[in-house]
Structures are given as structure tokens and as C-alpha cells.
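**Q** I am sharing target-v6.pdb, which consists of PDB, C-alpha atoms:
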```
ATOM      1  CA  MET A   1     -20.511  -4.125  16.024
ATOM      2  CA  LEU A   2     -21.113  -4.513  12.298
ATOM      3  CA  HIS A   3     -21.045  -0.733  11.818
ATOM      4  CA  GLN A   4     -17.654  -0.525  13.543
ATOM      5  CA  GLU A   5     -16.197  -3.146  11.188
ATOM      6  CA  GLN A   6     -17.422  -1.228   8.145
ATOM      7  CA  THR A   7     -15.612   1.951   9.182
ATOM      8  CA  GLN A   8     -12.240   0.279   9.735
ATOM      9  CA  GLN A   9      -9.575   0.287   7.041
ATOM     10  CA  PRO A  10      -9.401  -3.017   5.129
ATOM     11  CA  ARG A  11      -6.656  -5.300   6.394
ATOM     12  CA  VAL A  12      -5.926  -6.728   2.922
ATOM     13  CA  LEU A  13      -5.485  -4.349  -0.010
ATOM     14  CA  ASP A  14      -5.334  -5.078  -3.722
ATOM     15  CA  ILE A  15      -3.109  -3.256  -6.221
ATOM     16  CA  PRO A  16      -5.611  -0.497  -7.137
ATOM     17  CA  GLN A  17      -6.224   0.278  -3.458
ATOM     18  CA  VAL A  18      -2.501   0.448  -2.699
ATOM     19  CA  ALA A  19      -1.920   2.670  -5.743
ATOM     20  CA  LEU A  20      -4.638   5.056  -4.580
ATOM     21  CA  ILE A  21      -3.228   5.211  -1.047
ATOM     22  CA  ILE A  22       0.359   5.901  -2.133
ATOM     23  CA  GLY A  23      -0.615   8.226  -4.981
ATOM     24  CA  ARG A  24       1.013   6.204  -7.755
ATOM     25  CA  SER A  25      -0.290   4.442 -10.831
ATOM     26  CA  GLU A  26      -1.154   0.761 -10.690
ATOM     27  CA  LEU A  27       1.808   0.035 -12.962
ATOM     28  CA  ALA A  28       4.237   1.924 -10.713
ATOM     29  CA  THR A  29       2.772   0.101  -7.715
ATOM     30  CA  ARG A  30       3.221  -3.289  -9.403
ATOM     31  CA  ARG A  31       6.827  -2.413 -10.233
ATOM     32  CA  ALA A  32       7.525  -1.387  -6.632
ATOM     33  CA  ILE A  33       6.125  -4.745  -5.510
ATOM     34  CA  GLU A  34       8.223  -6.623  -8.077
ATOM     35  CA  ARG A  35      11.351  -4.786  -6.825
ATOM     36  CA  GLY A  36      10.483  -5.807  -3.280
ATOM     37  CA  GLN A  37       9.978  -2.233  -2.096
ATOM     38  CA  ILE A  38       6.394  -2.923  -1.042
ATOM     39  CA  PRO A  39       5.880  -6.311   0.618
ATOM     40  CA  ALA A  40       3.115  -8.307  -1.050
ATOM     41  CA  ARG A  41       1.661 -11.798  -0.951
ATOM     42  CA  ARG A  42      -0.102 -14.058  -3.379
ATOM     43  CA  TRP A  43      -3.622 -15.046  -2.467
ATOM     44  CA  GLY A  44      -4.566 -17.511  -5.157
ATOM     45  CA  ARG A  45      -4.054 -15.597  -8.378
ATOM     46  CA  ARG A  46      -4.333 -12.202  -6.681
ATOM     47  CA  VAL A  47      -1.475 -10.100  -5.369
ATOM     48  CA  VAL A  48      -2.403  -8.462  -2.077
ATOM     49  CA  VAL A  49      -0.689  -6.193   0.433
ATOM     50  CA  LEU A  50      -1.445  -6.323   4.130
ATOM     51  CA  ALA A  51      -2.401  -2.901   5.475
ATOM     52  CA  ASP A  52       0.116  -3.299   8.309
ATOM     53  CA  ASP A  53       2.909  -3.990   5.782
ATOM     54  CA  LEU A  54       1.929  -0.951   3.728
ATOM     55  CA  ASN A  55       1.904   1.234   6.856
ATOM     56  CA  LYS A  56       5.392  -0.012   7.780
ATOM     57  CA  PHE A  57       6.626   0.704   4.242
ATOM     58  CA  LEU A  58       5.227   4.245   4.347
ATOM     59  CA  ALA A  59       6.690   4.857   7.807
ATOM     60  CA  SER A  60      10.118   3.740   6.554
ATOM     61  CA  LEU A  61      10.238   6.369   3.811
ATOM     62  CA  PRO A  62      12.552   9.288   4.545
ATOM     63  CA  ALA A  63      10.823  12.430   5.729
ATOM     64  CA  ARG A  64      11.133  15.414   3.414
ATOM     65  CA  PRO A  65      10.648  19.065   4.336
ATOM     66  CA  MET A  66       7.459  20.635   3.044
ATOM     67  CA  GLY A  67       7.941  22.107  -0.410
ATOM     68  CA  TYR A  68      10.821  19.713  -1.182
ATOM     69  CA  ARG A  69      11.154  18.934  -4.865
ATOM     70  CA  THR A  70      13.430  16.481  -6.616
TER
END
```
How does the structure come out when it is put into C-alpha cells?
**A**
Amino acid sequence: MLHQEQTQQPRVLDIPQVALIIGRSELATRRAIERGQIPARRWGRRVVVLADDLNKFLASLPARPMGYRT
């Protein structure tokens, strides 16, 4: 059972983990959290994002055709 827990995605993510997942810098990630785009919570002095909340945020983004550039 311990091995199974180690292979699962963490349920609570910190800013560097979220930044890595979404492909943005830590600063851009912090700004998105401050704007309320990515739901986050305070855990003591730390700011954390629940994996479920991050997945919902990513699922809510508009789909773009492959090769789309802004």
C-alpha cells in the first residue's frame, strides 16, 4: 500500500510545483493566484493549491487548436 501512495500525485501543491505543472514562472503563478485565477489556500505561512482545484482550473481553460499562436 505504501508503494501505491508514493506513485500518486500529491494532493497539496506548493507554488513551485504548480508553476512546473502549468509551465509558468513562480512569479507568474503567484500573480495568477493573487488575481484569483488559480484557487489557493493559506496553510500557516505557506500558500498551497489543492490538486483538485488546479485540475478544475486547467479544465476550465478554453481549448485551442494545435499550432494556435497569440
**Q** Considering all atoms listed in the file, state which residue in the set A:Ala40, A:Val47, A:Ala63, A:Leu58 is at the smallest distance from Gly23 of chain A.
**A**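 Smallest separation from Gly23 of chain A among the options: A:Leu58.
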**Q** Kindly give the distance, in Å, that separates atom CA of Pro62 of chain A and atom CA of Gln17 of chain A, rounded to a single decimal.
**A**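 Pair atom CA of Pro62 of chain A / atom CA of Gln17 of chain A returns 22.3 Å.
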**Q** For the atom pair atom CA of Asp52 of chain A and atom CA of Leu27 of chain A, what is the interatomic distance in Å to one decimal place?
**A**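 Separation between atom CA of Asp52 of chain A and atom CA of Leu27 of chain A: 21.6 Å.
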**Q** Got a sec to resolve the PyMOL selection byres ((chain A and resi 11-16) around 6) on this structure and send the residues as number ranges by chain?
**A** A: 10, 17-19, 26, 48-51
**Q** Nearest to Ile33 of chain A: which of A:Leu54, A:Ala59, A:Leu20, A:Arg45 is it, counting all atoms listed in the file?
**A**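 Under the stated criterion, the closest residue is A:Leu54.
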**Q** As JSON, what would the box around segment 14-30 of chain A look like: edges along x, y and z, 3 Å added on every side, centre and edge lengths in Å to one decimal?
**A**
```
{"center_x": -1.0, "center_y": 1.6, "center_z": -7.0, "size_x": 16.5, "size_y": 19.3, "size_z": 17.9}
```
**Q** As an exercise, work out the distance from atom CA of Arg30 of chain A to atom CA of Arg42 of chain A in Å and give it to one decimal place.
**A** 12.8 Å
**Q** Got a minute to add N, CA and C atoms to segment 26-59 of chain A and dump it as a PDB file, in the coordinates of the input?
**A**
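File produced: rebuild-v3.pdb:
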```pdb
ATOM      1  N   GLU A  26      -1.167   2.197 -10.956  1.00  0.00           N
ATOM      2  CA  GLU A  26      -1.154   0.761 -10.690  1.00  0.00           C
ATOM      3  C   GLU A  26       0.118   0.122 -11.234  1.00  0.00           C
ATOM      4  N   LEU A  27       0.582   0.585 -12.389  1.00  0.00           N
ATOM      5  CA  LEU A  27       1.808   0.035 -12.962  1.00  0.00           C
ATOM      6  C   LEU A  27       3.013   0.334 -12.065  1.00  0.00           C
ATOM      7  N   ALA A  28       3.128   1.562 -11.607  1.00  0.00           N
ATOM      8  CA  ALA A  28       4.237   1.924 -10.713  1.00  0.00           C
ATOM      9  C   ALA A  28       4.162   1.126  -9.408  1.00  0.00           C
ATOM     10  N   THR A  29       2.956   0.893  -8.936  1.00  0.00           N
ATOM     11  CA  THR A  29       2.772   0.101  -7.715  1.00  0.00           C
ATOM     12  C   THR A  29       3.204  -1.333  -7.944  1.00  0.00           C
ATOM     13  N   ARG A  30       2.802  -1.915  -9.082  1.00  0.00           N
ATOM     14  CA  ARG A  30       3.221  -3.289  -9.403  1.00  0.00           C
ATOM     15  C   ARG A  30       4.743  -3.390  -9.500  1.00  0.00           C
ATOM     16  N   ARG A  31       5.360  -2.395 -10.105  1.00  0.00           N
ATOM     17  CA  ARG A  31       6.827  -2.413 -10.233  1.00  0.00           C
ATOM     18  C   ARG A  31       7.505  -2.321  -8.869  1.00  0.00           C
ATOM     19  N   ALA A  32       6.962  -1.496  -7.981  1.00  0.00           N
ATOM     20  CA  ALA A  32       7.525  -1.387  -6.632  1.00  0.00           C
ATOM     21  C   ALA A  32       7.399  -2.715  -5.889  1.00  0.00           C
ATOM     22  N   ILE A  33       6.312  -3.422  -6.120  1.00  0.00           N
ATOM     23  CA  ILE A  33       6.125  -4.745  -5.510  1.00  0.00           C
ATOM     24  C   ILE A  33       7.117  -5.729  -6.108  1.00  0.00           C
ATOM     25  N   GLU A  34       7.276  -5.707  -7.425  1.00  0.00           N
ATOM     26  CA  GLU A  34       8.223  -6.623  -8.077  1.00  0.00           C
ATOM     27  C   GLU A  34       9.655  -6.382  -7.601  1.00  0.00           C
ATOM     28  N   ARG A  35      10.008  -5.120  -7.324  1.00  0.00           N
ATOM     29  CA  ARG A  35      11.351  -4.786  -6.825  1.00  0.00           C
ATOM     30  C   ARG A  35      11.515  -5.112  -5.346  1.00  0.00           C
ATOM     31  N   GLY A  36      10.423  -5.475  -4.694  1.00  0.00           N
ATOM     32  CA  GLY A  36      10.483  -5.807  -3.280  1.00  0.00           C
ATOM     33  C   GLY A  36      10.392  -4.597  -2.364  1.00  0.00           C
ATOM     34  N   GLN A  37      10.084  -3.440  -2.917  1.00  0.00           N
ATOM     35  CA  GLN A  37       9.978  -2.233  -2.096  1.00  0.00           C
ATOM     36  C   GLN A  37       8.722  -2.264  -1.220  1.00  0.00           C
ATOM     37  N   ILE A  38       7.646  -2.772  -1.785  1.00  0.00           N
ATOM     38  CA  ILE A  38       6.394  -2.923  -1.042  1.00  0.00           C
ATOM     39  C   ILE A  38       6.163  -4.416  -0.858  1.00  0.00           C
ATOM     40  N   PRO A  39       6.098  -4.886   0.393  1.00  0.00           N
ATOM     41  CA  PRO A  39       5.880  -6.311   0.618  1.00  0.00           C
ATOM     42  C   PRO A  39       4.479  -6.727   0.174  1.00  0.00           C
ATOM     43  N   ALA A  40       4.403  -7.815  -0.552  1.00  0.00           N
ATOM     44  CA  ALA A  40       3.115  -8.307  -1.050  1.00  0.00           C
ATOM     45  C   ALA A  40       3.074  -9.824  -0.932  1.00  0.00           C
ATOM     46  N   ARG A  41       1.871 -10.351  -1.034  1.00  0.00           N
ATOM     47  CA  ARG A  41       1.661 -11.798  -0.951  1.00  0.00           C
ATOM     48  C   ARG A  41       0.733 -12.227  -2.072  1.00  0.00           C
ATOM     49  N   ARG A  42       0.834 -13.472  -2.425  1.00  0.00           N
ATOM     50  CA  ARG A  42      -0.102 -14.058  -3.379  1.00  0.00           C
ATOM     51  C   ARG A  42      -1.232 -14.691  -2.596  1.00  0.00           C
ATOM     52  N   TRP A  43      -2.434 -14.426  -3.038  1.00  0.00           N
ATOM     53  CA  TRP A  43      -3.622 -15.046  -2.467  1.00  0.00           C
ATOM     54  C   TRP A  43      -4.366 -15.634  -3.653  1.00  0.00           C
ATOM     55  N   GLY A  44      -4.068 -16.906  -3.922  1.00  0.00           N
ATOM     56  CA  GLY A  44      -4.566 -17.511  -5.157  1.00  0.00           C
ATOM     57  C   GLY A  44      -3.861 -16.851  -6.325  1.00  0.00           C
ATOM     58  N   ARG A  45      -4.634 -16.293  -7.226  1.00  0.00           N
ATOM     59  CA  ARG A  45      -4.054 -15.597  -8.378  1.00  0.00           C
ATOM     60  C   ARG A  45      -3.861 -14.107  -8.107  1.00  0.00           C
ATOM     61  N   ARG A  46      -4.406 -13.630  -7.005  1.00  0.00           N
ATOM     62  CA  ARG A  46      -4.333 -12.202  -6.681  1.00  0.00           C
ATOM     63  C   ARG A  46      -3.045 -11.856  -5.936  1.00  0.00           C
ATOM     64  N   VAL A  47      -2.588 -10.653  -6.148  1.00  0.00           N
ATOM     65  CA  VAL A  47      -1.475 -10.100  -5.369  1.00  0.00           C
ATOM     66  C   VAL A  47      -2.109  -9.131  -4.386  1.00  0.00           C
ATOM     67  N   VAL A  48      -1.820  -9.323  -3.101  1.00  0.00           N
ATOM     68  CA  VAL A  48      -2.403  -8.462  -2.077  1.00  0.00           C
ATOM     69  C   VAL A  48      -1.301  -7.930  -1.159  1.00  0.00           C
ATOM     70  N   VAL A  49      -1.603  -6.821  -0.525  1.00  0.00           N
ATOM     71  CA  VAL A  49      -0.689  -6.193   0.433  1.00  0.00           C
ATOM     72  C   VAL A  49      -1.454  -6.059   1.743  1.00  0.00           C
ATOM     73  N   LEU A  50      -0.835  -6.501   2.818  1.00  0.00           N
ATOM     74  CA  LEU A  50      -1.445  -6.323   4.130  1.00  0.00           C
ATOM     75  C   LEU A  50      -1.332  -4.855   4.527  1.00  0.00           C
ATOM     76  N   ALA A  51      -2.391  -4.310   5.086  1.00  0.00           N
ATOM     77  CA  ALA A  51      -2.401  -2.901   5.475  1.00  0.00           C
ATOM     78  C   ALA A  51      -1.263  -2.591   6.443  1.00  0.00           C
ATOM     79  N   ASP A  52      -0.990  -3.513   7.358  1.00  0.00           N
ATOM     80  CA  ASP A  52       0.116  -3.299   8.309  1.00  0.00           C
ATOM     81  C   ASP A  52       1.451  -3.200   7.580  1.00  0.00           C
ATOM     82  N   ASP A  53       1.668  -4.045   6.560  1.00  0.00           N
ATOM     83  CA  ASP A  53       2.909  -3.990   5.782  1.00  0.00           C
ATOM     84  C   ASP A  53       3.027  -2.675   5.019  1.00  0.00           C
ATOM     85  N   LEU A  54       1.903  -2.213   4.458  1.00  0.00           N
ATOM     86  CA  LEU A  54       1.929  -0.951   3.728  1.00  0.00           C
ATOM     87  C   LEU A  54       2.234   0.201   4.679  1.00  0.00           C
ATOM     88  N   ASN A  55       1.634   0.179   5.867  1.00  0.00           N
ATOM     89  CA  ASN A  55       1.904   1.234   6.856  1.00  0.00           C
ATOM     90  C   ASN A  55       3.369   1.245   7.264  1.00  0.00           C
ATOM     91  N   LYS A  56       3.970   0.068   7.438  1.00  0.00           N
ATOM     92  CA  LYS A  56       5.392  -0.012   7.780  1.00  0.00           C
ATOM     93  C   LYS A  56       6.252   0.537   6.642  1.00  0.00           C
ATOM     94  N   PHE A  57       5.895   0.193   5.404  1.00  0.00           N
ATOM     95  CA  PHE A  57       6.626   0.704   4.242  1.00  0.00           C
ATOM     96  C   PHE A  57       6.569   2.229   4.214  1.00  0.00           C
ATOM     97  N   LEU A  58       5.374   2.789   4.387  1.00  0.00           N
ATOM     98  CA  LEU A  58       5.227   4.245   4.347  1.00  0.00           C
ATOM     99  C   LEU A  58       5.988   4.912   5.491  1.00  0.00           C
ATOM    100  N   ALA A  59       5.979   4.295   6.658  1.00  0.00           N
ATOM    101  CA  ALA A  59       6.690   4.857   7.807  1.00  0.00           C
ATOM    102  C   ALA A  59       8.206   4.811   7.604  1.00  0.00           C
TER     103      ALA A  59
END
```
